[in-house]
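Visitor: See run.cif below, with mmCIF, C-alpha atoms and all ligand atoms.
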data_structure
loop_
_atom_site.label_atom_id
_atom_site.label_comp_id
_atom_site.auth_asym_id
_atom_site.auth_seq_id
_atom_site.Cartn_x
_atom_site.Cartn_y
_atom_site.Cartn_z
CA MET A 1 -16.64 23.81 9.77
CA ARG A 2 -13.48 25.50 8.54
CA VAL A 3 -9.93 24.26 8.68
CA ARG A 4 -6.42 25.61 8.71
CA VAL A 5 -4.08 23.39 6.70
CA GLY A 6 -0.44 22.47 6.36
CA ALA A 7 1.16 19.99 3.96
CA ALA A 8 4.64 18.72 3.13
CA SER A 9 6.17 15.98 1.01
CA ASP A 10 9.77 14.86 0.67
CA VAL A 11 11.56 12.26 -1.40
CA GLY A 12 13.49 11.11 1.70
CA VAL A 13 17.10 10.01 1.84
CA VAL A 14 17.12 6.68 0.03
CA ARG A 15 14.63 6.86 -2.82
CA GLU A 16 15.37 8.64 -6.07
CA GLN A 17 11.83 9.70 -6.86
CA ASN A 18 8.95 10.93 -4.82
CA GLU A 19 6.05 8.65 -5.66
CA ASP A 20 3.81 10.12 -2.97
CA SER A 21 1.22 12.74 -3.87
CA TYR A 22 -1.14 14.81 -1.80
CA LEU A 23 -4.20 16.93 -2.21
CA ALA A 24 -4.98 19.90 0.06
CA SER A 25 -7.79 21.82 -1.53
CA SER A 26 -10.84 22.23 0.70
CA PRO A 27 -13.09 20.28 0.96
CA LEU A 28 -10.73 17.56 -0.30
CA PHE A 29 -7.61 16.37 1.47
CA ALA A 30 -5.72 13.24 0.57
CA VAL A 31 -2.46 11.34 0.61
CA ALA A 32 -1.58 8.75 -2.04
CA ASP A 33 1.54 6.57 -1.98
CA GLY A 34 2.30 5.19 -5.41
CA MET A 35 4.32 2.15 -6.38
CA GLY A 36 5.49 0.58 -9.60
CA GLY A 37 8.47 0.58 -11.90
CA HIS A 38 9.70 3.39 -14.12
CA GLN A 39 7.49 6.43 -13.42
CA GLY A 40 4.60 4.16 -12.45
CA GLY A 41 4.27 5.02 -8.77
CA GLU A 42 4.35 8.74 -9.38
CA VAL A 43 1.84 8.47 -12.21
CA ALA A 44 -0.52 6.27 -10.20
CA SER A 45 -0.65 8.50 -7.12
CA GLN A 46 -1.05 11.71 -9.15
CA LEU A 47 -3.61 10.19 -11.47
CA ALA A 48 -5.73 8.95 -8.57
CA LEU A 49 -5.82 12.40 -6.97
CA GLU A 50 -6.53 14.12 -10.28
CA ARG A 51 -9.50 11.84 -10.83
CA VAL A 52 -10.76 12.56 -7.31
CA GLU A 53 -10.67 16.28 -8.09
CA GLU A 54 -12.28 15.81 -11.48
CA LEU A 55 -15.15 13.93 -9.93
CA HIS A 56 -15.69 16.90 -7.59
CA ARG A 57 -15.62 19.55 -10.30
CA ASP A 58 -18.29 22.24 -10.20
CA GLY A 59 -19.16 21.46 -6.59
CA GLU A 60 -20.18 17.87 -7.31
CA ARG A 61 -20.39 15.65 -4.23
CA PRO A 62 -20.22 12.09 -5.52
CA ASP A 63 -20.38 9.13 -3.18
CA LEU A 64 -16.90 8.86 -1.73
CA GLY A 65 -16.68 5.10 -2.30
CA GLU A 66 -17.59 5.64 -5.94
CA THR A 67 -14.99 8.39 -6.11
CA VAL A 68 -12.31 5.91 -5.07
CA HIS A 69 -13.61 3.37 -7.57
CA GLY A 70 -13.37 6.07 -10.24
CA ALA A 71 -9.77 6.76 -9.26
CA ASN A 72 -9.04 3.02 -9.28
CA GLN A 73 -10.49 2.75 -12.76
CA ALA A 74 -8.35 5.66 -13.95
CA VAL A 75 -5.18 3.95 -12.70
CA LEU A 76 -6.19 0.59 -14.21
CA GLU A 77 -7.01 2.11 -17.59
CA ARG A 78 -3.83 4.10 -17.77
CA ALA A 79 -1.73 1.04 -16.84
CA ALA A 80 -3.52 -1.07 -19.44
CA GLY A 81 -2.71 1.49 -22.12
CA ASP A 82 1.00 1.79 -21.38
CA GLU A 83 3.23 -1.23 -20.91
CA ALA A 84 5.85 0.78 -19.02
CA LEU A 85 3.21 1.56 -16.39
CA SER A 86 1.87 -1.96 -16.12
CA GLY A 87 1.62 -3.09 -12.51
CA MET A 88 1.55 0.41 -11.05
CA GLY A 89 -0.71 1.13 -8.11
CA THR A 90 -1.30 3.47 -5.21
CA THR A 91 -2.73 3.80 -1.75
CA LEU A 92 -5.38 6.44 -1.18
CA THR A 93 -6.49 8.00 2.08
CA LEU A 94 -9.10 10.62 1.20
CA LEU A 95 -10.92 13.04 3.46
CA ARG A 96 -13.82 15.26 2.45
CA MET A 97 -15.16 17.94 4.77
CA GLU A 98 -18.85 17.51 5.33
CA GLY A 99 -21.30 19.05 7.77
CA THR A 100 -19.76 19.16 11.24
CA GLY A 101 -17.08 16.67 10.38
CA PHE A 102 -15.73 14.72 7.45
CA ARG A 103 -15.92 11.53 5.47
CA LEU A 104 -12.98 9.22 5.01
CA ALA A 105 -12.30 6.73 2.23
CA HIS A 106 -9.25 4.54 2.60
CA VAL A 107 -7.30 1.85 0.77
CA GLY A 108 -3.72 0.78 1.57
CA ASP A 109 -1.23 1.68 4.28
CA SER A 110 -1.28 5.46 4.35
CA ARG A 111 -3.05 6.64 7.51
CA ALA A 112 -5.41 9.17 9.06
CA TYR A 113 -5.19 10.14 12.73
CA ARG A 114 -7.26 12.50 14.86
CA LEU A 115 -5.77 14.32 17.85
CA ARG A 116 -8.43 15.35 20.35
CA ASP A 117 -7.91 16.35 23.99
CA GLY A 118 -4.38 14.93 23.99
CA GLU A 119 -5.48 11.57 22.61
CA LEU A 120 -4.20 10.42 19.23
CA GLU A 121 -6.64 8.09 17.53
CA MET A 122 -5.87 6.20 14.36
CA LEU A 123 -8.87 6.47 12.04
CA THR A 124 -7.74 3.99 9.40
CA GLU A 125 -6.60 0.42 9.31
CA ASP A 126 -3.50 -0.63 7.37
CA HIS A 127 -4.29 -2.99 4.54
CA THR A 128 -1.04 -4.90 4.87
CA LEU A 129 -0.03 -8.47 5.42
CA VAL A 130 1.79 -7.62 8.66
CA ASN A 131 -1.25 -5.84 10.05
CA ARG A 132 -3.30 -8.95 9.45
CA MET A 133 -0.63 -10.88 11.33
CA VAL A 134 -0.81 -8.38 14.22
CA GLN A 135 -4.57 -8.81 14.39
CA GLU A 136 -4.12 -12.54 14.52
CA GLY A 137 -1.58 -12.18 17.34
CA LYS A 138 1.36 -13.44 15.27
CA LEU A 139 3.33 -10.19 15.49
CA THR A 140 3.42 -7.30 17.95
CA GLU A 141 2.86 -3.78 16.67
CA ASP A 142 6.50 -2.94 17.33
CA GLU A 143 7.63 -5.96 15.33
CA ALA A 144 5.25 -5.06 12.53
CA ARG A 145 6.59 -1.52 12.32
CA ILE A 146 10.12 -2.72 11.49
CA HIS A 147 9.17 -5.88 9.66
CA PRO A 148 11.01 -6.15 6.33
CA HIS A 149 7.77 -7.45 4.84
CA ARG A 150 5.63 -4.56 6.06
CA SER A 151 5.09 -2.97 2.68
CA ILE A 152 3.14 -5.88 1.24
CA LEU A 153 -0.32 -4.45 0.68
CA THR A 154 -3.43 -6.54 0.73
CA ARG A 155 -5.34 -3.76 -1.03
CA ALA A 156 -4.36 -0.95 -3.41
CA LEU A 157 -5.74 1.04 -6.32
CA GLY A 158 -4.61 -0.26 -9.69
CA VAL A 159 -4.80 -3.97 -8.94
CA GLU A 160 -8.31 -5.01 -9.85
CA THR A 161 -11.70 -3.50 -10.65
CA ASP A 162 -13.30 -5.12 -7.64
CA LEU A 163 -11.77 -2.92 -4.95
CA GLN A 164 -12.87 -2.94 -1.32
CA VAL A 165 -12.86 0.59 0.13
CA ASP A 166 -13.05 1.42 3.84
CA LEU A 167 -15.53 4.26 4.42
CA ALA A 168 -16.23 6.22 7.59
CA VAL A 169 -18.08 9.32 8.74
CA ILE A 170 -16.09 11.10 11.45
CA ASP A 171 -17.22 13.99 13.62
CA ALA A 172 -14.94 16.92 14.28
CA GLU A 173 -14.93 19.57 16.99
CA PRO A 174 -13.14 22.90 17.07
CA GLY A 175 -9.66 22.17 18.34
CA ASP A 176 -9.42 18.77 16.67
CA ARG A 177 -6.39 18.17 14.55
CA VAL A 178 -6.31 15.55 11.79
CA LEU A 179 -3.18 14.10 10.23
CA LEU A 180 -3.02 12.29 6.89
CA CYS A 181 0.32 10.67 6.15
CA SER A 182 2.10 8.10 4.03
CA ASP A 183 3.97 5.16 5.56
CA GLY A 184 7.23 7.04 5.04
CA LEU A 185 6.30 8.80 8.30
CA THR A 186 4.75 5.99 10.33
CA GLY A 187 7.39 3.47 9.25
CA VAL A 188 10.07 5.36 11.17
CA VAL A 189 8.31 7.73 13.60
CA GLY A 190 6.22 6.12 16.32
CA ASP A 191 2.73 7.21 17.33
CA GLU A 192 3.97 8.71 20.63
CA ARG A 193 6.42 10.94 18.81
CA ILE A 194 3.84 11.89 16.18
CA LYS A 195 1.46 12.86 18.98
CA ALA A 196 4.13 14.92 20.75
CA VAL A 197 4.92 16.89 17.58
CA LEU A 198 1.24 17.48 16.86
CA GLN A 199 0.85 18.82 20.41
CA GLU A 200 4.01 20.95 20.40
CA GLU A 201 3.68 22.64 17.01
CA SER A 202 0.56 24.77 16.98
CA ASP A 203 0.93 25.92 13.37
CA PRO A 204 -0.18 23.13 11.00
CA GLN A 205 2.55 23.87 8.44
CA ALA A 206 5.22 23.85 11.16
CA ALA A 207 3.84 20.53 12.41
CA CYS A 208 4.12 19.09 8.88
CA ASP A 209 7.66 20.36 8.45
CA VAL A 210 8.79 18.92 11.79
CA LEU A 211 7.19 15.53 11.10
CA VAL A 212 8.91 15.30 7.72
CA ALA A 213 12.21 16.37 9.28
CA GLU A 214 11.89 13.65 11.93
CA ALA A 215 11.28 10.97 9.29
CA ILE A 216 14.41 12.14 7.48
CA GLU A 217 16.44 12.19 10.69
CA ALA A 218 15.32 8.62 11.26
CA GLY A 219 16.99 7.63 7.98
CA GLY A 220 14.30 8.71 5.53
CA PRO A 221 14.06 5.29 3.90
CA ASP A 222 10.84 6.12 2.06
CA ASN A 223 9.04 9.10 0.55
CA VAL A 224 7.26 10.94 3.34
CA THR A 225 4.09 13.00 3.00
CA VAL A 226 1.92 14.67 5.64
CA VAL A 227 -1.19 16.82 5.61
CA VAL A 228 -2.41 18.44 8.85
CA LEU A 229 -5.87 19.97 9.29
CA ASP A 230 -6.87 22.09 12.26
CA PHE A 231 -10.61 22.38 12.81
CA LEU A 232 -11.42 25.95 13.83
CA GLU A 233 -13.88 27.72 16.09
CA ASN A 234 -16.40 29.74 14.13
CA GLY A 235 -14.94 33.19 13.57
CA GLU A 236 -11.37 31.94 13.78
CA GLU A 237 -9.22 33.04 10.88
CA ALA A 238 -8.72 30.26 8.34
CA ALA A 239 -5.60 30.47 6.25
CA PRO A 240 -5.98 29.51 2.61
CA ALA A 241 -5.47 25.84 1.90
CA ALA A 242 -1.93 24.82 1.12
CA THR A 243 -1.25 24.25 -2.54
CA PRO A 244 0.52 21.09 -3.53
CA ALA A 245 4.19 21.81 -3.95
CA ALA A 246 6.25 20.40 -6.77
CA GLU A 247 6.97 16.83 -5.79
CA ASP A 248 10.70 17.06 -5.82
CA GLU A 249 11.50 20.70 -5.28
CA PRO A 250 14.54 20.95 -3.08
CA ALA A 251 13.74 24.43 -1.72
CA ASP A 252 13.70 24.87 2.07
CA GLU A 253 13.87 21.24 2.80
CA PRO A 254 15.67 20.21 5.94
CA GLU A 255 19.26 19.11 5.69
CA ALA A 256 19.21 15.39 5.20
CA PRO A 257 21.75 13.26 7.04
CA PRO A 258 23.61 10.65 5.00
CA PRO A 259 21.86 7.30 4.78
CA ALA A 260 22.31 5.19 7.88
CA ASP A 261 24.60 2.20 7.41
CA GLU A 262 21.86 -0.05 8.60
CA PRO A 263 18.14 0.60 8.50
CA PRO A 264 16.66 0.88 11.99
CA GLY A 265 15.49 -2.34 13.49
CA ARG A 266 17.41 -4.73 11.27
CA ARG A 267 19.21 -6.28 14.21
CA ARG A 268 16.27 -7.97 15.80
CA ARG A 269 15.40 -11.56 16.35
CA TRP A 270 14.88 -14.28 13.75
CA PRO A 271 18.03 -13.18 11.87
CA ARG A 272 17.84 -16.04 9.36
CA LEU A 273 14.18 -15.51 8.72
CA LEU A 274 14.78 -11.79 8.33
CA LEU A 275 17.59 -12.50 5.93
CA TRP A 276 15.46 -14.51 3.55
CA LEU A 277 12.44 -12.30 4.00
CA GLY A 278 14.75 -9.41 3.16
CA LEU A 279 15.96 -11.26 0.09
CA LEU A 280 12.42 -11.95 -1.01
CA VAL A 281 11.52 -8.30 -0.58
CA LEU A 282 14.63 -7.28 -2.45
CA VAL A 283 13.75 -9.55 -5.36
CA LEU A 284 10.26 -8.12 -5.45
CA VAL A 285 11.50 -4.55 -5.19
CA LEU A 286 13.94 -5.22 -7.99
CA ALA A 287 11.02 -6.42 -10.01
CA GLY A 288 9.95 -2.82 -9.63
CA VAL A 289 6.40 -3.38 -8.48
CA GLY A 290 4.38 -3.30 -5.30
CA THR A 291 4.75 -6.72 -3.83
CA ARG A 292 1.12 -7.62 -3.54
CA MET A 293 0.54 -6.47 -7.05
CA TYR A 294 3.51 -8.53 -8.07
CA LEU A 295 1.96 -11.60 -6.48
CA ASN A 296 -1.29 -10.95 -8.29
CA THR A 297 0.49 -11.03 -11.61
CA GLN A 298 2.38 -14.28 -11.01
CA TRP A 299 1.12 -17.71 -11.95
CA PHE A 300 2.27 -21.26 -11.52
CA VAL A 301 1.09 -24.80 -12.04
CA GLY A 302 1.35 -27.04 -9.00
CA GLU A 303 -0.57 -29.70 -7.21
CA HIS A 304 -3.54 -29.59 -4.92
CA GLU A 305 -4.93 -32.68 -3.20
CA GLY A 306 -3.22 -34.98 -5.62
CA ASN A 307 -4.34 -33.16 -8.77
CA VAL A 308 -2.69 -30.63 -11.05
CA ALA A 309 -3.91 -27.13 -10.23
CA LEU A 310 -3.54 -23.54 -11.38
CA PHE A 311 -2.28 -21.02 -8.80
CA ARG A 312 -1.89 -17.26 -8.68
CA GLY A 313 1.14 -15.96 -6.76
CA ILE A 314 4.49 -17.58 -6.04
CA PRO A 315 4.90 -21.08 -4.61
CA THR A 316 6.14 -20.15 -1.18
CA GLU A 317 4.87 -19.17 2.22
CA VAL A 318 5.99 -16.58 4.75
CA LEU A 319 5.37 -17.16 8.45
CA GLY A 320 2.51 -19.47 7.63
CA TYR A 321 0.98 -17.17 5.02
CA ASP A 322 0.76 -18.60 1.55
CA LEU A 323 1.91 -16.16 -1.09
CA PHE A 324 -0.41 -17.87 -3.55
CA THR A 325 -4.05 -18.69 -4.03
CA LEU A 326 -5.62 -21.68 -5.72
CA GLU A 327 -7.36 -20.51 -8.87
CA GLU A 328 -8.50 -23.75 -10.45
CA GLU A 329 -8.17 -27.44 -9.82
CA THR A 330 -8.07 -30.02 -12.61
CA ASP A 331 -8.68 -33.76 -12.51
CA ILE A 332 -5.22 -34.51 -13.91
CA PRO A 333 -3.39 -36.75 -11.42
CA ALA A 334 -0.34 -34.79 -10.24
CA ALA A 335 1.80 -37.89 -9.70
CA ARG A 336 1.35 -39.01 -13.31
CA ALA A 337 2.14 -35.57 -14.68
CA ALA A 338 5.22 -35.22 -12.48
CA GLY A 339 6.31 -38.61 -13.81
CA LEU A 340 6.81 -37.01 -17.23
CA GLN A 341 10.23 -35.43 -17.47
CA PRO A 342 9.12 -31.91 -18.54
CA TYR A 343 6.86 -31.68 -15.48
CA ALA A 344 9.21 -33.14 -12.87
CA GLU A 345 9.17 -29.81 -11.02
CA LEU A 346 5.41 -29.92 -10.58
CA PRO A 347 5.49 -30.65 -6.83
CA ASP A 348 7.51 -27.43 -6.32
CA GLY A 349 5.37 -25.43 -8.73
CA ILE A 350 6.17 -24.65 -12.37
CA PRO A 351 6.14 -20.87 -12.87
CA ALA A 352 4.43 -19.26 -15.85
CA ASP A 353 4.61 -15.71 -17.17
CA SER A 354 0.87 -15.29 -17.44
CA GLU A 355 -2.41 -17.01 -16.78
CA GLU A 356 -2.60 -17.94 -20.47
CA GLU A 357 0.81 -19.55 -20.35
CA ALA A 358 -0.10 -21.48 -17.19
CA ARG A 359 -3.31 -22.73 -18.79
CA ALA A 360 -1.44 -23.67 -21.95
CA LEU A 361 1.00 -25.65 -19.81
CA ILE A 362 -1.87 -27.56 -18.20
CA ALA A 363 -3.40 -28.27 -21.61
CA GLN A 364 -0.04 -29.55 -22.82
CA MET A 365 0.25 -31.80 -19.77
CA GLU A 366 -3.16 -33.22 -20.46
CA GLU A 367 -2.24 -33.95 -24.05
CA ASP A 368 1.12 -35.51 -23.14
CA LEU A 369 -0.58 -37.75 -20.61
CA ARG A 370 -3.16 -38.83 -23.17
CA GLU A 371 -0.33 -39.79 -25.52
CA THR A 372 1.40 -41.88 -22.90
CA GLY A 373 -1.77 -43.88 -22.46
CA PRO A 374 -3.92 -44.59 -19.42
CA SER A 375 -2.34 -44.83 -16.01
CA PRO A 376 -1.07 -48.28 -15.10
MG MG A 401 5.57 4.69 1.12
#
Turn this file's structure into structure tokens for me.
Ligand code: MG

Guide:
Amino acid sequence: MRVRVGAASDVGVVREQNEDSYLASSPLFAVADGMGGHQGGEVASQLALERVEELHRDGERPDLGETVHGANQAVLERAAGDEALSGMGTTLTLLRMEGTGFRLAHVGDSRAYRLRDGELEMLTEDHTLVNRMVQEGKLTEDEARIHPHRSILTRALGVETDLQVDLAVIDAEPGDRVLLCSDGLTGVVGDERIKAVLQEESDPQAACDVLVAEAIEAGGPDNVTVVVLDFLENGEEAAPAATPAAEDEPADEPEAPPPADEPPGRRRRWPRLLLWLGLLVLVLVLAGVGTRMYLNTQWFVGEHEGNVALFRGIPTEVLGYDLFTLEEETDIPAARAAGLQPYAELPDGIPADSEEEARALIAQMEEDLRETGPSP
């Protein structure tokens, strides 16, 4: 089946760089939303898409899951080789035309939708903490959409080798329209409005331009990227695929309004909770990394069931979700260790800069306890 394509990407109103990237080169279509300090986010999203294309060179059709693993590996290797890029990562929502439909591979919180017969169906699931909370009934979808914590990803490329990829085979009929987009669209434009635009604008490029303009009108707090594919009747004229535009070219972009004084949805309930969640997010954003990735790189020594233990993450919880995981338990009694002055903070968790440092701290504790003799 053939497609007619539109694509658009914009830095938005608040961010200084566009860390989103897209691919619109039949049979491959993709959106990647990068994150990380310095140029990290931009590098990660571009690198992932470049690797996807490389793996499809000369008409190759690799397994789509393996393609995503290849892109993940590329991001990991690049980050390992450049300290300034350490901690970078990206989402990836990748579509490949195939037979009478397409395959989808997906990691992160970018999305794919299909519009068919006036129904807009979301084809992907957000890999975010708030989405997990929605599924467990702890948040409504409306609350999740404006939640200050919504950008915490539970999965992304660039975090670890062992990456879980969602894969799907989707059928397409002439007249179907598929949208790929980054969360810069869905964070501020609701599904009903997205559907209305997709129904009103028959030209795919016009639909992309209007969707991006609406995200900007809504405050444009994030980079916004959209790709629209129209599946055509046989014999219908297919326009050439859109070519990726320069990420930050200002040409014919809609006039952006000044930043809103207050991001939409800030004045909701749980003001105190929101305040400290907001502060937490701010701290993490200032750290310049995707939050989940940040958590994965943090370590502390604390206590578990009375013993000293090694944890990954930060020693706090948000709405009942621990922002840490137990990595290893020791048989060192926590109460004895905390009795030694240097380890008095143990019950609250003693942070370490790396796993090695945390393990060294535990070894030191063990030695200090040995020197103070057996427990009374
Ligand atoms: Mg984004």

Visitor: Using only C-alpha atoms, which protein or nucleic acid residues come within 12 Å of Leu163 of chain A? Drop anything in the same chain fewer than 3 positions from it, and give the result as JSON, numbers by chain.

Guide: {"A": [65, 66, 67, 68, 69, 70, 71, 72, 73, 76, 91, 92, 106, 107, 108, 154, 155, 156, 157, 158, 159, 160, 166]}

Visitor: Any chance you could export the current selection's C-alpha atoms as a PDB file, keeping the file's coordinate frame?

Guide:
ATOM      1  CA  GLY A  65     -16.680   5.100  -2.300  1.00  0.00           C
ATOM      2  CA  GLU A  66     -17.590   5.640  -5.940  1.00  0.00           C
ATOM      3  CA  THR A  67     -14.990   8.390  -6.110  1.00  0.00           C
ATOM      4  CA  VAL A  68     -12.310   5.910  -5.070  1.00  0.00           C
ATOM      5  CA  HIS A  69     -13.610   3.370  -7.570  1.00  0.00           C
ATOM      6  CA  GLY A  70     -13.370   6.070 -10.240  1.00  0.00           C
ATOM      7  CA  ALA A  71      -9.770   6.760  -9.260  1.00  0.00           C
ATOM      8  CA  ASN A  72      -9.040   3.020  -9.280  1.00  0.00           C
ATOM      9  CA  GLN A  73     -10.490   2.750 -12.760  1.00  0.00           C
ATOM     10  CA  LEU A  76      -6.190   0.590 -14.210  1.00  0.00           C
ATOM     11  CA  THR A  91      -2.730   3.800  -1.750  1.00  0.00           C
ATOM     12  CA  LEU A  92      -5.380   6.440  -1.180  1.00  0.00           C
ATOM     13  CA  HIS A 106      -9.250   4.540   2.600  1.00  0.00           C
ATOM     14  CA  VAL A 107      -7.300   1.850   0.770  1.00  0.00           C
ATOM     15  CA  GLY A 108      -3.720   0.780   1.570  1.00  0.00           C
ATOM     16  CA  THR A 154      -3.430  -6.540   0.730  1.00  0.00           C
ATOM     17  CA  ARG A 155      -5.340  -3.760  -1.030  1.00  0.00           C
ATOM     18  CA  ALA A 156      -4.360  -0.950  -3.410  1.00  0.00           C
ATOM     19  CA  LEU A 157      -5.740   1.040  -6.320  1.00  0.00           C
ATOM     20  CA  GLY A 158      -4.610  -0.260  -9.690  1.00  0.00           C
ATOM     21  CA  VAL A 159      -4.800  -3.970  -8.940  1.00  0.00           C
ATOM     22  CA  GLU A 160      -8.310  -5.010  -9.850  1.00  0.00           C
ATOM     23  CA  ASP A 166     -13.050   1.420   3.840  1.00  0.00           C
TER      24      ASP A 166
END

Visitor: Counting all atoms listed in the file, which of A:Gln205, A:Thr325, A:Gln135, A:Gln17 gets nearest to ligand MG 401 (chain A)?

Guide: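 Of A:Gln205, A:Thr325, A:Gln135, A:Gln17, the one nearest ligand MG 401 (chain A), counting all atoms listed in the file, is A:Gln17.
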
Visitor: Which polymer residues, whether protein, DNA or RNA, lie within 8 Å of the coordinate (2.3, 23.2, 14.5) when you count all atoms listed in the file? List them as an mmCIF file with C-alpha atoms, in the coordinates of the input, using the chain letters and numbers from the file.

Guide:
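Writing done, so here's result27.cif:
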data_model
loop_
_atom_site.group_PDB
_atom_site.id
_atom_site.type_symbol
_atom_site.label_atom_id
_atom_site.label_comp_id
_atom_site.auth_asym_id
_atom_site.auth_seq_id
_atom_site.Cartn_x
_atom_site.Cartn_y
_atom_site.Cartn_z
ATOM 1 C CA VAL A 197 4.920 16.890 17.580
ATOM 2 C CA LEU A 198 1.240 17.480 16.860
ATOM 3 C CA GLN A 199 0.850 18.820 20.410
ATOM 4 C CA GLU A 200 4.010 20.950 20.400
ATOM 5 C CA GLU A 201 3.680 22.640 17.010
ATOM 6 C CA SER A 202 0.560 24.770 16.980
ATOM 7 C CA ASP A 203 0.930 25.920 13.370
ATOM 8 C CA PRO A 204 -0.180 23.130 11.000
ATOM 9 C CA GLN A 205 2.550 23.870 8.440
ATOM 10 C CA ALA A 206 5.220 23.850 11.160
ATOM 11 C CA ALA A 207 3.840 20.530 12.410
ATOM 12 C CA CYS A 208 4.120 19.090 8.880
#

Visitor: For the interface of chain A with ligand MG 401 (chain A) (cut-off 12 Å, counting all atoms listed in the file), please tabulate each contacting residue of chain A alongside its nearest pair of atoms and their separation in Å to one decimal, rows sorted by chain and increasing number, as JSON lines.

Guide:
{"residue": "A:Ser9", "atom": "CA", "partner": "A:MG401", "partner_atom": "MG", "distance": 11.3}
{"residue": "A:Asp10", "atom": "CA", "partner": "A:MG401", "partner_atom": "MG", "distance": 11.0}
{"residue": "A:Val11", "atom": "CA", "partner": "A:MG401", "partner_atom": "MG", "distance": 10.0}
{"residue": "A:Gly12", "atom": "CA", "partner": "A:MG401", "partner_atom": "MG", "distance": 10.2}
{"residue": "A:Val14", "atom": "CA", "partner": "A:MG401", "partner_atom": "MG", "distance": 11.8}
{"residue": "A:Arg15", "atom": "CA", "partner": "A:MG401", "partner_atom": "MG", "distance": 10.1}
{"residue": "A:Gln17", "atom": "CA", "partner": "A:MG401", "partner_atom": "MG", "distance": 11.3}
{"residue": "A:Asn18", "atom": "CA", "partner": "A:MG401", "partner_atom": "MG", "distance": 9.3}
{"residue": "A:Glu19", "atom": "CA", "partner": "A:MG401", "partner_atom": "MG", "distance": 7.9}
{"residue": "A:Asp20", "atom": "CA", "partner": "A:MG401", "partner_atom": "MG", "distance": 7.0}
{"residue": "A:Ser21", "atom": "CA", "partner": "A:MG401", "partner_atom": "MG", "distance": 10.4}
{"residue": "A:Val31", "atom": "CA", "partner": "A:MG401", "partner_atom": "MG", "distance": 10.4}
{"residue": "A:Ala32", "atom": "CA", "partner": "A:MG401", "partner_atom": "MG", "distance": 8.8}
{"residue": "A:Asp33", "atom": "CA", "partner": "A:MG401", "partner_atom": "MG", "distance": 5.4}
{"residue": "A:Gly34", "atom": "CA", "partner": "A:MG401", "partner_atom": "MG", "distance": 7.3}
{"residue": "A:Met35", "atom": "CA", "partner": "A:MG401", "partner_atom": "MG", "distance": 8.0}
{"residue": "A:Gly36", "atom": "CA", "partner": "A:MG401", "partner_atom": "MG", "distance": 11.5}
{"residue": "A:Gly41", "atom": "CA", "partner": "A:MG401", "partner_atom": "MG", "distance": 10.0}
{"residue": "A:Glu42", "atom": "CA", "partner": "A:MG401", "partner_atom": "MG", "distance": 11.3}
{"residue": "A:Ser45", "atom": "CA", "partner": "A:MG401", "partner_atom": "MG", "distance": 11.0}
{"residue": "A:Gly89", "atom": "CA", "partner": "A:MG401", "partner_atom": "MG", "distance": 11.7}
{"residue": "A:Thr90", "atom": "CA", "partner": "A:MG401", "partner_atom": "MG", "distance": 9.4}
{"residue": "A:Thr91", "atom": "CA", "partner": "A:MG401", "partner_atom": "MG", "distance": 8.8}
{"residue": "A:Leu92", "atom": "CA", "partner": "A:MG401", "partner_atom": "MG", "distance": 11.3}
{"residue": "A:Gly108", "atom": "CA", "partner": "A:MG401", "partner_atom": "MG", "distance": 10.1}
{"residue": "A:Asp109", "atom": "CA", "partner": "A:MG401", "partner_atom": "MG", "distance": 8.1}
{"residue": "A:Ser110", "atom": "CA", "partner": "A:MG401", "partner_atom": "MG", "distance": 7.6}
{"residue": "A:Arg111", "atom": "CA", "partner": "A:MG401", "partner_atom": "MG", "distance": 10.9}
{"residue": "A:Arg150", "atom": "CA", "partner": "A:MG401", "partner_atom": "MG", "distance": 10.5}
{"residue": "A:Ser151", "atom": "CA", "partner": "A:MG401", "partner_atom": "MG", "distance": 7.8}
{"residue": "A:Ile152", "atom": "CA", "partner": "A:MG401", "partner_atom": "MG", "distance": 10.8}
{"residue": "A:Leu153", "atom": "CA", "partner": "A:MG401", "partner_atom": "MG", "distance": 10.9}
{"residue": "A:Cys181", "atom": "CA", "partner": "A:MG401", "partner_atom": "MG", "distance": 9.4}
{"residue": "A:Ser182", "atom": "CA", "partner": "A:MG401", "partner_atom": "MG", "distance": 5.7}
{"residue": "A:Asp183", "atom": "CA", "partner": "A:MG401", "partner_atom": "MG", "distance": 4.7}
{"residue": "A:Gly184", "atom": "CA", "partner": "A:MG401", "partner_atom": "MG", "distance": 4.9}
{"residue": "A:Leu185", "atom": "CA", "partner": "A:MG401", "partner_atom": "MG", "distance": 8.3}
{"residue": "A:Thr186", "atom": "CA", "partner": "A:MG401", "partner_atom": "MG", "distance": 9.3}
{"residue": "A:Gly187", "atom": "CA", "partner": "A:MG401", "partner_atom": "MG", "distance": 8.4}
{"residue": "A:Val188", "atom": "CA", "partner": "A:MG401", "partner_atom": "MG", "distance": 11.0}
{"residue": "A:Ala215", "atom": "CA", "partner": "A:MG401", "partner_atom": "MG", "distance": 11.8}
{"residue": "A:Gly220", "atom": "CA", "partner": "A:MG401", "partner_atom": "MG", "distance": 10.6}
{"residue": "A:Pro221", "atom": "CA", "partner": "A:MG401", "partner_atom": "MG", "distance": 9.0}
{"residue": "A:Asp222", "atom": "CA", "partner": "A:MG401", "partner_atom": "MG", "distance": 5.5}
{"residue": "A:Asn223", "atom": "CA", "partner": "A:MG401", "partner_atom": "MG", "distance": 5.6}
{"residue": "A:Val224", "atom": "CA", "partner": "A:MG401", "partner_atom": "MG", "distance": 6.8}
{"residue": "A:Thr225", "atom": "CA", "partner": "A:MG401", "partner_atom": "MG", "distance": 8.6}
{"residue": "A:Val226", "atom": "CA", "partner": "A:MG401", "partner_atom": "MG", "distance": 11.5}
{"residue": "A:Gly290", "atom": "CA", "partner": "A:MG401", "partner_atom": "MG", "distance": 10.3}
